[in-house]
Amino acid sequence: MAAPALAGRRVVLGVCGGVAAYKAVELCRRLTTAGARVSPVLTRAAARFVGPATFSALASEPARLSLFDDVGGEAGGPVPHVRLGREADAVVVAPATARLIGSYAAGISSDLLTATLLVTRAPVLICPSMHAEMWLHPAVQDNLAVLRRRGAHVLAPADGPLAGGDVGPGRLPEPADIVMALAGLLEAAGALRGVKAVVSAGGTREPLDPVRYLANRSSGKQGYAVAAELAARGAQVCLVSAASLEPPPGVEVRRVETAADMAEAVLAEAANAQVVVMAAAVADFRPAQVAPAKVKKTANPPPLELVPTLDILAELGARRREGQVLVGFAAETAAGPELAELGRQKLVAKGADLVVANDVSAPGAGFGEDRLSAVMVSAGSVVDLGLADKQAVAAKVVDAVVEMLGAKGLLSSPQGAPPKTPPEAPGQAEGGA
Ligand code: CTP
């Protein structure tokens, strides 16, 4: 299953210093057997666990440890980290230690592996392995959240025996699971090549006067996650954003403030897009008048007259291009069948292909949180996503978009079958880290 996606692909295999480094030897062998051209990059600590000669013997080129081993480059190429990073079709780091994850998240290039990670624009799969306390530490989890937000994929460690006789989460997944996840990533990476997508994100602001505005609680995280996922699958993405988050790599951002600005930008960009995802919380009303100067405090509060804004998604549904896929979100304060029914009503009312209905009143989910409690509703199906990470929701939405474009015959992907999100968690594992 893994072989077709890996055959002939250049894979940088990063190995950090941990007991689980021994599993990276088997991973290296499996990648080479699957037809990948493997470049092993070891940290100094990794070389204390497993000898570079073992990797050199199994891989397609000698294992490297240092930024300075072959400055000047082979075949006239640039310095090693630049060559490795630029030429890679994928980078997998297994095992990835807390130090490597922290350096990568902070953009610190202290060795060949971190420098290669900062150079590459290819898909990156991080396979953490460490003691349970380290894995569960908020610093490690925060760093992983940063990396995920920037488009890196993380294969969560398995539960089980760890080095030193401990038991808990932190074991490196089995090499076969890592190969499968990497193959899934490579397969997915090009699925949307040639497709233009527009994504809206954040909450619009409707000015009352030069100081005040009407707004909502949307953070923009979900829209940014969808934009990152579409870009990771090869789409050309324009993100129309009313939020000020760090833009995902490779995504063009158009900043807007009001519902009217957003309508103008989205409708213009959608005119030549195959996919539009309205993840923004757009104001339904705006003040009828915007005071030119600050409204001063008076004994009697001034009346506030509101007028409706354009429903952008409904407008997109009305002027839909042939084959265009339209996705909406529905912010609700309901759960279970009622949530799905509200999603279905918005799907029909706005002429969308897919609506992600989410319960913004669920604990730990919704506005400003990293998770969503949601169901995905389309014409023929309702998929309960439960309480899921916004990145995971984004991956499911993009899986569905790929499937819909594929069904309309609008994907040039030779694979035919839509790529699926690689697994977040592996199966059983053995051996400690
Ligand atoms: N939407 C839009 N333009 C608006 C309002 C909403 O494009 N003026 C889009 C949102 O981006 C979202 C979907 O419509 O994709 C549903 O938005 P939501 O706020 O959940 O619902 P509303 O249509 O505003 O209806 P209500 O507030 O009554 O639930």
# chains A, B, ... in the order shown; residues from 1 in each chain; ligands from 1

$ residues_near_ligand --ligand "ligand 1" --cutoff "8 Å" --atoms "only C-alpha atoms and all ligand atoms" --output "PyMOL selection string"
chain A and resi 200+259+263+277-285+308-315+327-332+346+350+355+357

$ select_by_dssp --residues "range 11-64 of chain A" --states "strand (DSSP E or B)" --output "MDAnalysis selection string"
chainID A and resid 11:15 37:42 64

$ closest_residue --among "A:Ala225, A:Met134, A:Ala115, A:Ala36" --to "Ser66 in chain A" --atoms "only C-alpha atoms"
A:Ala115

$ closest_atom_pairs --of "range 93-114 of chain A" --to "range 152-169 of chain A" --cutoff "12 Å" --atoms "only C-alpha atoms" --output "Markdown table"
| residue | atom | partner | partner_atom | distance |
| --- | --- | --- | --- | --- |
| A:Val93 | CA | A:Val154 | CA | 9.7 |
| A:Ala94 | CA | A:Leu155 | CA | 9.7 |
| A:Pro95 | CA | A:Pro157 | CA | 9.7 |
| A:Ala96 | CA | A:Val154 | CA | 10.0 |
| A:Thr97 | CA | A:Pro157 | CA | 11.4 |
| A:Ile101 | CA | A:Val154 | CA | 10.4 |
| A:Tyr104 | CA | A:Ala152 | CA | 10.4 |
| A:Ala105 | CA | A:Ala152 | CA | 10.2 |
